[in-house]
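To start, the structure under review is shown below, and the notes come after it.
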Amino acid sequence: MKLKLRYFAWVRERIGKPDEDVDVPDTVTTVGELMSWLASRGEEYAHAFQNPKVIRAAIDRTHVKPQTAIAGAGEIAFFPPMTGG
Amino acid sequence: MKLKLRYFAWVRERIGKPDEDVDVPDTVTTVGELMSWLASRGEEYAHAFQNPKVIRAAIDRTHVKPQTAIAGAGEIAFFPPMTGG
Amino acid sequence: MTTITTVRIQSEPFVTAAEVAAITRGRTDAGAVVTFTGICRGDENGVPIASLTLEHYPGMAEAEIERHVAEAAARWPLIGVTVIHRFGRILPGDDIMMVVTVSSHRAAAFEAADFLMDYLKTRAPFWKQVEKTDGKIWVEAKATDDEAAGRWAAAGKHQAAE
Amino acid sequence: MTTITTVRIQSEPFVTAAEVAAITRGRTDAGAVVTFTGICRGDENGVPIASLTLEHYPGMAEAEIERHVAEAAARWPLIGVTVIHRFGRILPGDDIMMVVTVSSHRAAAFEAADFLMDYLKTRAPFWKQVEKTDGKIWVEAKATDDEAAGRWAAAGKHQAAE
């Protein structure tokens, strides 16, 4: 499954890029599984996702939970809890 | 006892003047008694003080109650409840 | 904490932005500014009005408002508070009164503004006269306004006399 | 009641007075205007800061704020609501964000501003980075802020997902 990923704040800093296009294996079906798969892609990803509980996600600009299915998603974003203005 | 009296809003309108100097008999010792004495001074005063419960008073610019003594007062004001801005 | 307080009762219009700048200019400890502006509406309960006339007791009005501003400054950590209240004839669309509160944190600025507004809109030493097509009438004190102001009564010992 | 709503996310400074005038100009049903302005302080918990950098998710940030503005307009009788939030590098003393609420009555304007501020200062889609003398650090979400925002949770069904 082809997806656009976006990263913000320290997730972006740790991974070292603001966005990327990925091709996700079919075994990855939820947001939580996507985080685990990303964490396995290298040291920078492992660092970014080392504590998945503090990472928030959005599918197509709407907040989602780790158990949310990624089927049909266009853009998935990962970021720390928002801190307001 | 010589006093300066000030009237505001419809109390002023009914009495027909914003202020006046009066010489109050010694038998008048409280704010409430002063209102009764004023009400006896003519039709316009009787009209202004016909319902003393809705009239508020201040001695030297501080809110007071009807039972407050007027001894030592310089300026006594009568007015309706304040309505704010 | 020293609070910069300003109270003015005037017939002239005011400029809220200038009052905010007078408090915050050149300082970096202000994190939150709340302003409330009361405007003369063109109707009262659906009946059109031509104007509002505000009468006050010069000297007493300033003292009463200053007392409430001092109470706000004692209850919340405020950098500055400014209250301006106009008197005289005011037309629909024109400003009547204004409260500015400045603090390091938003809760203090907000609660202090709420406290002062409750007071100013209900028990400030002004009498309001409304001019309608059938003449001028004095506005009577509203019970609901008194209830709103009563929220703060616990800490205001002076309120017993009002 | 139709509410005039405006949400802007911009790097440029804003002028609060101009935003108020844009809502109230030429109308006589506005009786109360509340503004809240959040300013960049020169210190964080006593430690001096050189600047604040705000990052946001373009598109999502606007949509999230607009959703909360629409909720405020549904809950209170508002004539207008404007929210402006800046992003990028902001220096101490500069404005960060602004809420303006306009209503016929003060309670609606005040409560709506309080509701929006609680949201904007805690869960608005921004990430804050503070630059101190020893480098830049990301600000972590505060539990106390979340509690303040939680006051409004009962009526916000969307909040379950956040």
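Residue names in the structure tokens use chain letters A, B, ... in the order shown, residue numbers from 1 in each chain, and ligand numbers from 1 in the order shown.
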Strand (DSSP E) residues, from DSSP on the backbone, in chain D, as a JSON list (two decimals) with N, CA and C atoms, in the first residue's frame:
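Contents of part.json, freshly written:
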[["chain", "number", "residue", "atom", "x", "y", "z"],
["D", 4, "ILE", "N", -20.20, 35.51, 12.03],
["D", 4, "ILE", "CA", -19.09, 35.78, 11.12],
["D", 4, "ILE", "C", -17.84, 35.16, 11.73],
["D", 5, "THR", "N", -17.28, 34.13, 11.08],
["D", 5, "THR", "CA", -16.09, 33.50, 11.65],
["D", 5, "THR", "C", -14.89, 33.66, 10.72],
["D", 6, "THR", "N", -13.75, 33.89, 11.33],
["D", 6, "THR", "CA", -12.49, 34.03, 10.59],
["D", 6, "THR", "C", -11.41, 33.27, 11.33],
["D", 7, "VAL", "N", -10.68, 32.43, 10.62],
["D", 7, "VAL", "CA", -9.53, 31.74, 11.20],
["D", 7, "VAL", "C", -8.35, 31.94, 10.26],
["D", 8, "ARG", "N", -7.27, 32.46, 10.81],
["D", 8, "ARG", "CA", -6.07, 32.64, 9.98],
["D", 8, "ARG", "C", -4.84, 32.13, 10.71],
["D", 9, "ILE", "N", -4.01, 31.39, 9.99],
["D", 9, "ILE", "CA", -2.71, 30.96, 10.53],
["D", 9, "ILE", "C", -1.67, 31.61, 9.65],
["D", 10, "GLN", "N", -0.84, 32.42, 10.26],
["D", 10, "GLN", "CA", 0.06, 33.27, 9.48],
["D", 10, "GLN", "C", 1.36, 33.50, 10.22],
["D", 32, "ALA", "N", -20.91, 43.62, 23.34],
["D", 32, "ALA", "CA", -19.76, 43.16, 24.12],
["D", 32, "ALA", "C", -18.68, 42.59, 23.20],
["D", 33, "VAL", "N", -17.46, 43.07, 23.39],
["D", 33, "VAL", "CA", -16.32, 42.55, 22.64],
["D", 33, "VAL", "C", -15.28, 42.07, 23.65],
["D", 34, "VAL", "N", -14.86, 40.82, 23.52],
["D", 34, "VAL", "CA", -13.77, 40.31, 24.35],
["D", 34, "VAL", "C", -12.61, 39.96, 23.44],
["D", 35, "THR", "N", -11.42, 40.41, 23.81],
["D", 35, "THR", "CA", -10.23, 39.99, 23.07],
["D", 35, "THR", "C", -9.26, 39.34, 24.03],
["D", 36, "PHE", "N", -8.62, 38.30, 23.55],
["D", 36, "PHE", "CA", -7.52, 37.71, 24.29],
["D", 36, "PHE", "C", -6.31, 37.70, 23.38],
["D", 37, "THR", "N", -5.19, 38.18, 23.86],
["D", 37, "THR", "CA", -3.95, 38.15, 23.09],
["D", 37, "THR", "C", -2.90, 37.41, 23.89],
["D", 38, "GLY", "N", -2.29, 36.42, 23.28],
["D", 38, "GLY", "CA", -1.19, 35.68, 23.90],
["D", 38, "GLY", "C", 0.13, 36.24, 23.39],
["D", 39, "ILE", "N", 0.99, 36.59, 24.35],
["D", 39, "ILE", "CA", 2.24, 37.26, 24.01],
["D", 39, "ILE", "C", 3.42, 36.35, 24.40],
["D", 43, "ASP", "N", 10.76, 34.80, 29.47],
["D", 43, "ASP", "CA", 11.32, 33.72, 30.27],
["D", 43, "ASP", "C", 10.32, 32.58, 30.40],
["D", 44, "GLU", "N", 10.86, 31.41, 30.67],
["D", 44, "GLU", "CA", 10.04, 30.22, 30.93],
["D", 44, "GLU", "C", 10.46, 29.69, 32.29],
["D", 47, "VAL", "N", 13.72, 31.04, 33.51],
["D", 47, "VAL", "CA", 14.89, 30.92, 32.63],
["D", 47, "VAL", "C", 14.66, 31.80, 31.38],
["D", 48, "PRO", "N", 15.60, 32.72, 31.11],
["D", 48, "PRO", "CA", 15.39, 33.62, 29.96],
["D", 48, "PRO", "C", 15.33, 32.83, 28.65],
["D", 51, "SER", "N", 13.89, 33.08, 21.97],
["D", 51, "SER", "CA", 12.78, 33.09, 21.02],
["D", 51, "SER", "C", 11.94, 31.84, 21.20],
["D", 52, "LEU", "N", 10.80, 31.86, 20.52],
["D", 52, "LEU", "CA", 9.86, 30.74, 20.49],
["D", 52, "LEU", "C", 9.67, 30.43, 19.01],
["D", 53, "THR", "N", 9.68, 29.13, 18.67],
["D", 53, "THR", "CA", 9.38, 28.78, 17.27],
["D", 53, "THR", "C", 8.17, 27.85, 17.27],
["D", 54, "LEU", "N", 7.17, 28.23, 16.50],
["D", 54, "LEU", "CA", 5.93, 27.45, 16.44],
["D", 54, "LEU", "C", 5.84, 26.74, 15.10],
["D", 55, "GLU", "N", 5.67, 25.41, 15.18],
["D", 55, "GLU", "CA", 5.50, 24.60, 13.97],
["D", 55, "GLU", "C", 4.04, 24.16, 13.92],
["D", 56, "HIS", "N", 3.47, 24.07, 12.73],
["D", 56, "HIS", "CA", 2.09, 23.57, 12.62],
["D", 56, "HIS", "C", 1.96, 22.66, 11.42],
["D", 78, "LEU", "N", -23.22, 34.27, 19.15],
["D", 78, "LEU", "CA", -22.11, 35.16, 18.81],
["D", 78, "LEU", "C", -22.37, 35.87, 17.48],
["D", 79, "ILE", "N", -22.02, 37.13, 17.44],
["D", 79, "ILE", "CA", -22.09, 37.89, 16.19],
["D", 79, "ILE", "C", -20.85, 37.58, 15.35],
["D", 80, "GLY", "N", -19.72, 37.49, 16.00],
["D", 80, "GLY", "CA", -18.49, 37.20, 15.27],
["D", 80, "GLY", "C", -17.41, 36.58, 16.14],
["D", 81, "VAL", "N", -16.58, 35.76, 15.54],
["D", 81, "VAL", "CA", -15.41, 35.17, 16.20],
["D", 81, "VAL", "C", -14.24, 35.23, 15.22],
["D", 82, "THR", "N", -13.12, 35.72, 15.68],
["D", 82, "THR", "CA", -11.91, 35.70, 14.86],
["D", 82, "THR", "C", -10.78, 35.08, 15.67],
["D", 83, "VAL", "N", -10.10, 34.14, 15.05],
["D", 83, "VAL", "CA", -8.92, 33.53, 15.69],
["D", 83, "VAL", "C", -7.75, 33.69, 14.71],
["D", 84, "ILE", "N", -6.67, 34.24, 15.21],
["D", 84, "ILE", "CA", -5.44, 34.32, 14.41],
["D", 84, "ILE", "C", -4.32, 33.69, 15.22],
["D", 85, "HIS", "N", -3.58, 32.80, 14.59],
["D", 85, "HIS", "CA", -2.47, 32.14, 15.28],
["D", 85, "HIS", "C", -1.25, 32.25, 14.38],
["D", 86, "ARG", "N", -0.15, 32.72, 14.95],
["D", 86, "ARG", "CA", 1.07, 32.85, 14.17],
["D", 86, "ARG", "C", 1.91, 31.58, 14.23],
["D", 88, "GLY", "N", 6.14, 30.09, 13.11],
["D", 88, "GLY", "CA", 7.50, 30.57, 12.84],
["D", 88, "GLY", "C", 8.17, 31.09, 14.10],
["D", 89, "ARG", "N", 9.21, 31.90, 13.90],
["D", 89, "ARG", "CA", 10.00, 32.36, 15.04],
["D", 89, "ARG", "C", 9.39, 33.65, 15.60],
["D", 90, "ILE", "N", 9.18, 33.65, 16.90],
["D", 90, "ILE", "CA", 8.54, 34.79, 17.57],
["D", 90, "ILE", "C", 9.43, 35.24, 18.73],
["D", 95, "ASP", "N", 3.31, 39.33, 19.78],
["D", 95, "ASP", "CA", 2.07, 38.58, 19.89],
["D", 95, "ASP", "C", 2.19, 37.20, 19.25],
["D", 96, "ILE", "N", 1.56, 36.19, 19.87],
["D", 96, "ILE", "CA", 1.54, 34.83, 19.33],
["D", 96, "ILE", "C", 0.18, 34.52, 18.70],
["D", 97, "MET", "N", -0.88, 34.77, 19.45],
["D", 97, "MET", "CA", -2.21, 34.42, 18.96],
["D", 97, "MET", "C", -3.25, 35.36, 19.54],
["D", 98, "MET", "N", -4.44, 35.30, 18.99],
["D", 98, "MET", "CA", -5.48, 36.25, 19.33],
["D", 98, "MET", "C", -6.86, 35.63, 19.14],
["D", 99, "VAL", "N", -7.73, 35.88, 20.06],
["D", 99, "VAL", "CA", -9.14, 35.49, 19.93],
["D", 99, "VAL", "C", -9.99, 36.74, 20.12],
["D", 100, "VAL", "N", -10.91, 36.98, 19.22],
["D", 100, "VAL", "CA", -11.90, 38.06, 19.40],
["D", 100, "VAL", "C", -13.28, 37.42, 19.36],
["D", 101, "THR", "N", -14.11, 37.73, 20.36],
["D", 101, "THR", "CA", -15.51, 37.29, 20.32],
["D", 101, "THR", "C", -16.40, 38.51, 20.47],
["D", 102, "VAL", "N", -17.45, 38.57, 19.67],
["D", 102, "VAL", "CA", -18.39, 39.69, 19.70],
["D", 102, "VAL", "C", -19.79, 39.13, 19.87],
["D", 103, "SER", "N", -20.54, 39.70, 20.82],
["D", 103, "SER", "CA", -21.91, 39.25, 21.06],
["D", 103, "SER", "C", -22.76, 40.43, 21.50],
["D", 126, "PHE", "N", -0.24, 22.98, 17.22],
["D", 126, "PHE", "CA", 1.06, 23.64, 17.10],
["D", 126, "PHE", "C", 2.04, 22.93, 18.03],
["D", 127, "TRP", "N", 3.29, 22.98, 17.63],
["D", 127, "TRP", "CA", 4.36, 22.49, 18.50],
["D", 127, "TRP", "C", 5.29, 23.63, 18.76],
["D", 128, "LYS", "N", 5.62, 23.79, 20.03],
["D", 128, "LYS", "CA", 6.35, 24.96, 20.47],
["D", 128, "LYS", "C", 7.79, 24.57, 20.80],
["D", 129, "GLN", "N", 8.73, 25.32, 20.26],
["D", 129, "GLN", "CA", 10.13, 25.08, 20.56],
["D", 129, "GLN", "C", 10.69, 26.35, 21.19],
["D", 130, "VAL", "N", 11.37, 26.18, 22.33],
["D", 130, "VAL", "CA", 11.89, 27.33, 23.05],
["D", 130, "VAL", "C", 13.39, 27.39, 22.88],
["D", 131, "GLU", "N", 13.89, 28.57, 22.52],
["D", 131, "GLU", "CA", 15.33, 28.75, 22.36],
["D", 131, "GLU", "C", 15.90, 29.42, 23.59],
["D", 132, "LYS", "N", 16.71, 28.65, 24.35],
["D", 132, "LYS", "CA", 17.37, 29.21, 25.53],
["D", 132, "LYS", "C", 18.86, 29.36, 25.20],
["D", 135, "GLY", "N", 20.54, 26.18, 23.95],
["D", 135, "GLY", "CA", 20.00, 25.46, 22.80],
["D", 135, "GLY", "C", 18.48, 25.49, 22.74],
["D", 136, "LYS", "N", 17.95, 24.77, 21.73],
["D", 136, "LYS", "CA", 16.50, 24.76, 21.53],
["D", 136, "LYS", "C", 15.90, 23.49, 22.12],
["D", 137, "ILE", "N", 14.75, 23.64, 22.81],
["D", 137, "ILE", "CA", 14.06, 22.44, 23.29],
["D", 137, "ILE", "C", 12.58, 22.52, 22.93],
["D", 138, "TRP", "N", 12.00, 21.33, 22.68],
["D", 138, "TRP", "CA", 10.56, 21.27, 22.41],
["D", 138, "TRP", "C", 9.82, 21.33, 23.75]]
For Ala39 (chain B): contacts at 10 Å, only C-alpha atoms, fewer than 5 positions along chain excluded, given as a list in words: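 The filter keeps Glu33, Leu34, Glu44, Tyr45, Ala46, His47, Ala48, Phe49, Gln50 and Pro52 of chain B.
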Selected residues written out, all heavy atoms, as a PDB file, in the first residue's frame:
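Contents of again10.pdb, as written:
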ATOM      1  N   GLU B  33     -34.135  58.654  58.827  1.00  0.00           N
ATOM      2  CA  GLU B  33     -34.910  59.791  59.366  1.00  0.00           C
ATOM      3  C   GLU B  33     -34.742  61.015  58.474  1.00  0.00           C
ATOM      4  O   GLU B  33     -35.664  61.807  58.297  1.00  0.00           O
ATOM      5  CB  GLU B  33     -34.444  60.104  60.794  1.00  0.00           C
ATOM      6  CG  GLU B  33     -34.894  59.050  61.810  1.00  0.00           C
ATOM      7  CD  GLU B  33     -34.164  59.141  63.154  1.00  0.00           C
ATOM      8  OE1 GLU B  33     -33.392  60.111  63.355  1.00  0.00           O
ATOM      9  OE2 GLU B  33     -34.365  58.238  63.985  1.00  0.00           O
ATOM     10  N   LEU B  34     -33.548  61.149  57.887  1.00  0.00           N
ATOM     11  CA  LEU B  34     -33.312  62.277  56.980  1.00  0.00           C
ATOM     12  C   LEU B  34     -34.214  62.165  55.748  1.00  0.00           C
ATOM     13  O   LEU B  34     -34.779  63.159  55.282  1.00  0.00           O
ATOM     14  CB  LEU B  34     -31.830  62.315  56.576  1.00  0.00           C
ATOM     15  CG  LEU B  34     -31.413  63.399  55.589  1.00  0.00           C
ATOM     16  CD1 LEU B  34     -31.735  64.801  56.101  1.00  0.00           C
ATOM     17  CD2 LEU B  34     -29.918  63.281  55.261  1.00  0.00           C
ATOM     18  N   GLU B  44     -42.580  67.659  45.567  1.00  0.00           N
ATOM     19  CA  GLU B  44     -41.498  67.068  44.768  1.00  0.00           C
ATOM     20  C   GLU B  44     -40.646  66.128  45.625  1.00  0.00           C
ATOM     21  O   GLU B  44     -40.214  65.072  45.171  1.00  0.00           O
ATOM     22  CB  GLU B  44     -40.645  68.162  44.092  1.00  0.00           C
ATOM     23  CG  GLU B  44     -39.853  69.067  45.013  1.00  0.00           C
ATOM     24  CD  GLU B  44     -40.659  70.263  45.558  1.00  0.00           C
ATOM     25  OE1 GLU B  44     -41.890  70.112  45.751  1.00  0.00           O
ATOM     26  OE2 GLU B  44     -40.062  71.327  45.795  1.00  0.00           O
ATOM     27  N   TYR B  45     -40.421  66.490  46.903  1.00  0.00           N
ATOM     28  CA  TYR B  45     -39.658  65.623  47.806  1.00  0.00           C
ATOM     29  C   TYR B  45     -40.465  64.375  48.155  1.00  0.00           C
ATOM     30  O   TYR B  45     -39.928  63.271  48.205  1.00  0.00           O
ATOM     31  CB  TYR B  45     -39.283  66.371  49.086  1.00  0.00           C
ATOM     32  CG  TYR B  45     -38.242  67.447  48.866  1.00  0.00           C
ATOM     33  CD1 TYR B  45     -38.621  68.766  48.615  1.00  0.00           C
ATOM     34  CD2 TYR B  45     -36.885  67.138  48.918  1.00  0.00           C
ATOM     35  CE1 TYR B  45     -37.672  69.753  48.418  1.00  0.00           C
ATOM     36  CE2 TYR B  45     -35.926  68.114  48.712  1.00  0.00           C
ATOM     37  CZ  TYR B  45     -36.325  69.431  48.465  1.00  0.00           C
ATOM     38  OH  TYR B  45     -35.390  70.393  48.258  1.00  0.00           O
ATOM     39  N   ALA B  46     -41.779  64.573  48.395  1.00  0.00           N
ATOM     40  CA  ALA B  46     -42.642  63.429  48.722  1.00  0.00           C
ATOM     41  C   ALA B  46     -42.618  62.421  47.575  1.00  0.00           C
ATOM     42  O   ALA B  46     -42.570  61.201  47.793  1.00  0.00           O
ATOM     43  CB  ALA B  46     -44.069  63.916  48.985  1.00  0.00           C
ATOM     44  N   HIS B  47     -42.618  62.943  46.336  1.00  0.00           N
ATOM     45  CA  HIS B  47     -42.588  62.083  45.155  1.00  0.00           C
ATOM     46  C   HIS B  47     -41.253  61.327  45.081  1.00  0.00           C
ATOM     47  O   HIS B  47     -41.204  60.109  44.856  1.00  0.00           O
ATOM     48  CB  HIS B  47     -42.807  62.946  43.897  1.00  0.00           C
ATOM     49  CG  HIS B  47     -42.893  62.149  42.626  1.00  0.00           C
ATOM     50  ND1 HIS B  47     -42.471  62.641  41.412  1.00  0.00           N
ATOM     51  CD2 HIS B  47     -43.331  60.899  42.379  1.00  0.00           C
ATOM     52  CE1 HIS B  47     -42.652  61.716  40.475  1.00  0.00           C
ATOM     53  NE2 HIS B  47     -43.178  60.658  41.029  1.00  0.00           N
ATOM     54  N   ALA B  48     -40.166  62.041  45.281  1.00  0.00           N
ATOM     55  CA  ALA B  48     -38.834  61.428  45.194  1.00  0.00           C
ATOM     56  C   ALA B  48     -38.653  60.323  46.244  1.00  0.00           C
ATOM     57  O   ALA B  48     -38.089  59.269  45.960  1.00  0.00           O
ATOM     58  CB  ALA B  48     -37.748  62.487  45.351  1.00  0.00           C
ATOM     59  N   PHE B  49     -39.147  60.576  47.461  1.00  0.00           N
ATOM     60  CA  PHE B  49     -38.912  59.638  48.563  1.00  0.00           C
ATOM     61  C   PHE B  49     -40.133  58.783  48.894  1.00  0.00           C
ATOM     62  O   PHE B  49     -40.220  58.229  49.981  1.00  0.00           O
ATOM     63  CB  PHE B  49     -38.438  60.396  49.812  1.00  0.00           C
ATOM     64  CG  PHE B  49     -37.067  61.005  49.647  1.00  0.00           C
ATOM     65  CD1 PHE B  49     -36.914  62.362  49.357  1.00  0.00           C
ATOM     66  CD2 PHE B  49     -35.921  60.214  49.745  1.00  0.00           C
ATOM     67  CE1 PHE B  49     -35.656  62.923  49.195  1.00  0.00           C
ATOM     68  CE2 PHE B  49     -34.659  60.763  49.580  1.00  0.00           C
ATOM     69  CZ  PHE B  49     -34.521  62.115  49.294  1.00  0.00           C
ATOM     70  N   GLN B  50     -41.095  58.657  47.938  1.00  0.00           N
ATOM     71  CA  GLN B  50     -42.336  57.944  48.253  1.00  0.00           C
ATOM     72  C   GLN B  50     -42.084  56.460  48.550  1.00  0.00           C
ATOM     73  O   GLN B  50     -42.843  55.827  49.265  1.00  0.00           O
ATOM     74  CB  GLN B  50     -43.370  58.118  47.138  1.00  0.00           C
ATOM     75  CG  GLN B  50     -43.064  57.351  45.862  1.00  0.00           C
ATOM     76  CD  GLN B  50     -44.037  57.703  44.737  1.00  0.00           C
ATOM     77  OE1 GLN B  50     -44.930  58.534  44.897  1.00  0.00           O
ATOM     78  NE2 GLN B  50     -43.855  57.079  43.592  1.00  0.00           N
ATOM     79  N   PRO B  52     -38.974  54.751  50.018  1.00  0.00           N
ATOM     80  CA  PRO B  52     -37.587  54.888  50.496  1.00  0.00           C
ATOM     81  C   PRO B  52     -36.759  53.620  50.307  1.00  0.00           C
ATOM     82  O   PRO B  52     -35.533  53.676  50.238  1.00  0.00           O
ATOM     83  CB  PRO B  52     -37.749  55.193  51.992  1.00  0.00           C
ATOM     84  CG  PRO B  52     -39.181  55.504  52.211  1.00  0.00           C
ATOM     85  CD  PRO B  52     -39.962  54.927  51.080  1.00  0.00           C
TER      86      PRO B  52
END
Shell of 7 Å around region 68-82 of chain B, only C-alpha atoms, local chain residues under 2 positions omitted, as a ChimeraX atom specification: /B:3-9,11,29-31,54-60,64-66,84 /C:123-127,141
Who sits within 9 Å of Trp37 (chain A), only C-alpha atoms, same chain under 3 positions skipped, as number ranges by chain: A: 24-25, 28, 32-34, 40-41
Two-atom distance - CA of Ala73 (chain D), CA of Ala108 (chain D) (Å):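 These atoms are spaced 9.8 Å apart.
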Please extract the residues of region 4-100 of chain C with a backbone DSSP assignment of helix (DSSP H, G or I) and present them as a PDB file with N, CA and C atoms, in the first residue's frame.
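Output below, filename result.pdb:
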ATOM      1  N   THR C  16      -8.879  51.392  22.884  1.00  0.00           N
ATOM      2  CA  THR C  16      -8.451  50.225  23.660  1.00  0.00           C
ATOM      3  C   THR C  16      -7.003  49.831  23.366  1.00  0.00           C
ATOM      4  N   ALA C  17      -6.620  49.820  22.089  1.00  0.00           N
ATOM      5  CA  ALA C  17      -5.265  49.394  21.719  1.00  0.00           C
ATOM      6  C   ALA C  17      -4.206  50.282  22.380  1.00  0.00           C
ATOM      7  N   ALA C  18      -4.511  51.582  22.497  1.00  0.00           N
ATOM      8  CA  ALA C  18      -3.551  52.499  23.124  1.00  0.00           C
ATOM      9  C   ALA C  18      -3.413  52.179  24.613  1.00  0.00           C
ATOM     10  N   GLU C  19      -4.509  51.779  25.244  1.00  0.00           N
ATOM     11  CA  GLU C  19      -4.469  51.437  26.679  1.00  0.00           C
ATOM     12  C   GLU C  19      -3.686  50.153  26.903  1.00  0.00           C
ATOM     13  N   VAL C  20      -3.832  49.191  26.006  1.00  0.00           N
ATOM     14  CA  VAL C  20      -3.057  47.948  26.108  1.00  0.00           C
ATOM     15  C   VAL C  20      -1.570  48.262  25.953  1.00  0.00           C
ATOM     16  N   ALA C  21      -1.246  49.062  24.924  1.00  0.00           N
ATOM     17  CA  ALA C  21       0.164  49.398  24.659  1.00  0.00           C
ATOM     18  C   ALA C  21       0.783  50.134  25.843  1.00  0.00           C
ATOM     19  N   ALA C  22      -0.009  50.980  26.508  1.00  0.00           N
ATOM     20  CA  ALA C  22       0.514  51.752  27.645  1.00  0.00           C
ATOM     21  C   ALA C  22       0.987  50.825  28.765  1.00  0.00           C
ATOM     22  N   ILE C  23       0.355  49.655  28.885  1.00  0.00           N
ATOM     23  CA  ILE C  23       0.772  48.706  29.927  1.00  0.00           C
ATOM     24  C   ILE C  23       1.906  47.800  29.436  1.00  0.00           C
ATOM     25  N   THR C  24       1.803  47.294  28.203  1.00  0.00           N
ATOM     26  CA  THR C  24       2.714  46.224  27.768  1.00  0.00           C
ATOM     27  C   THR C  24       3.990  46.719  27.091  1.00  0.00           C
ATOM     28  N   MET C  60     -17.096  59.879  43.786  1.00  0.00           N
ATOM     29  CA  MET C  60     -17.485  58.569  44.316  1.00  0.00           C
ATOM     30  C   MET C  60     -17.288  57.481  43.263  1.00  0.00           C
ATOM     31  N   ALA C  61     -17.634  57.775  42.021  1.00  0.00           N
ATOM     32  CA  ALA C  61     -17.507  56.768  40.964  1.00  0.00           C
ATOM     33  C   ALA C  61     -16.059  56.311  40.831  1.00  0.00           C
ATOM     34  N   GLU C  62     -15.136  57.242  40.756  1.00  0.00           N
ATOM     35  CA  GLU C  62     -13.718  56.902  40.646  1.00  0.00           C
ATOM     36  C   GLU C  62     -13.276  56.063  41.849  1.00  0.00           C
ATOM     37  N   ALA C  63     -13.664  56.517  43.054  1.00  0.00           N
ATOM     38  CA  ALA C  63     -13.231  55.826  44.268  1.00  0.00           C
ATOM     39  C   ALA C  63     -13.759  54.398  44.317  1.00  0.00           C
ATOM     40  N   GLU C  64     -15.026  54.217  43.934  1.00  0.00           N
ATOM     41  CA  GLU C  64     -15.624  52.884  43.961  1.00  0.00           C
ATOM     42  C   GLU C  64     -14.944  51.953  42.962  1.00  0.00           C
ATOM     43  N   ILE C  65     -14.700  52.458  41.761  1.00  0.00           N
ATOM     44  CA  ILE C  65     -14.058  51.615  40.747  1.00  0.00           C
ATOM     45  C   ILE C  65     -12.622  51.298  41.161  1.00  0.00           C
ATOM     46  N   GLU C  66     -11.929  52.303  41.691  1.00  0.00           N
ATOM     47  CA  GLU C  66     -10.540  52.074  42.132  1.00  0.00           C
ATOM     48  C   GLU C  66     -10.473  51.018  43.235  1.00  0.00           C
ATOM     49  N   ARG C  67     -11.478  51.011  44.088  1.00  0.00           N
ATOM     50  CA  ARG C  67     -11.525  50.020  45.159  1.00  0.00           C
ATOM     51  C   ARG C  67     -11.640  48.606  44.576  1.00  0.00           C
ATOM     52  N   HIS C  68     -12.469  48.445  43.550  1.00  0.00           N
ATOM     53  CA  HIS C  68     -12.618  47.128  42.926  1.00  0.00           C
ATOM     54  C   HIS C  68     -11.385  46.737  42.116  1.00  0.00           C
ATOM     55  N   VAL C  69     -10.755  47.715  41.500  1.00  0.00           N
ATOM     56  CA  VAL C  69      -9.508  47.433  40.766  1.00  0.00           C
ATOM     57  C   VAL C  69      -8.427  46.977  41.749  1.00  0.00           C
ATOM     58  N   ALA C  70      -8.359  47.639  42.899  1.00  0.00           N
ATOM     59  CA  ALA C  70      -7.378  47.249  43.918  1.00  0.00           C
ATOM     60  C   ALA C  70      -7.666  45.841  44.412  1.00  0.00           C
ATOM     61  N   GLU C  71      -8.953  45.502  44.541  1.00  0.00           N
ATOM     62  CA  GLU C  71      -9.298  44.150  44.988  1.00  0.00           C
ATOM     63  C   GLU C  71      -8.864  43.109  43.950  1.00  0.00           C
ATOM     64  N   ALA C  72      -9.090  43.410  42.682  1.00  0.00           N
ATOM     65  CA  ALA C  72      -8.657  42.495  41.611  1.00  0.00           C
ATOM     66  C   ALA C  72      -7.142  42.312  41.656  1.00  0.00           C
ATOM     67  N   ALA C  73      -6.427  43.422  41.871  1.00  0.00           N
ATOM     68  CA  ALA C  73      -4.960  43.357  41.901  1.00  0.00           C
ATOM     69  C   ALA C  73      -4.470  42.553  43.104  1.00  0.00           C
ATOM     70  N   ALA C  74      -5.272  42.523  44.184  1.00  0.00           N
ATOM     71  CA  ALA C  74      -4.886  41.758  45.368  1.00  0.00           C
ATOM     72  C   ALA C  74      -5.182  40.272  45.181  1.00  0.00           C
ATOM     73  N   ARG C  75      -6.208  39.968  44.380  1.00  0.00           N
ATOM     74  CA  ARG C  75      -6.637  38.572  44.224  1.00  0.00           C
ATOM     75  C   ARG C  75      -5.915  37.825  43.123  1.00  0.00           C
TER      76      ARG C  75
END
Neighbour list for Lys121 (chain C) as a PyMOL selection string, cut-off 6 Å, only C-alpha atoms, skip fewer than 2 positions in-chain: (chain B and resi 84-85) or (chain C and resi 117-119)
One-decimal distance in Å that lies between CA of Leu38 (chain A) and CA of Met1 (chain A):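 Between these atoms lies a distance of 13.9 Å.
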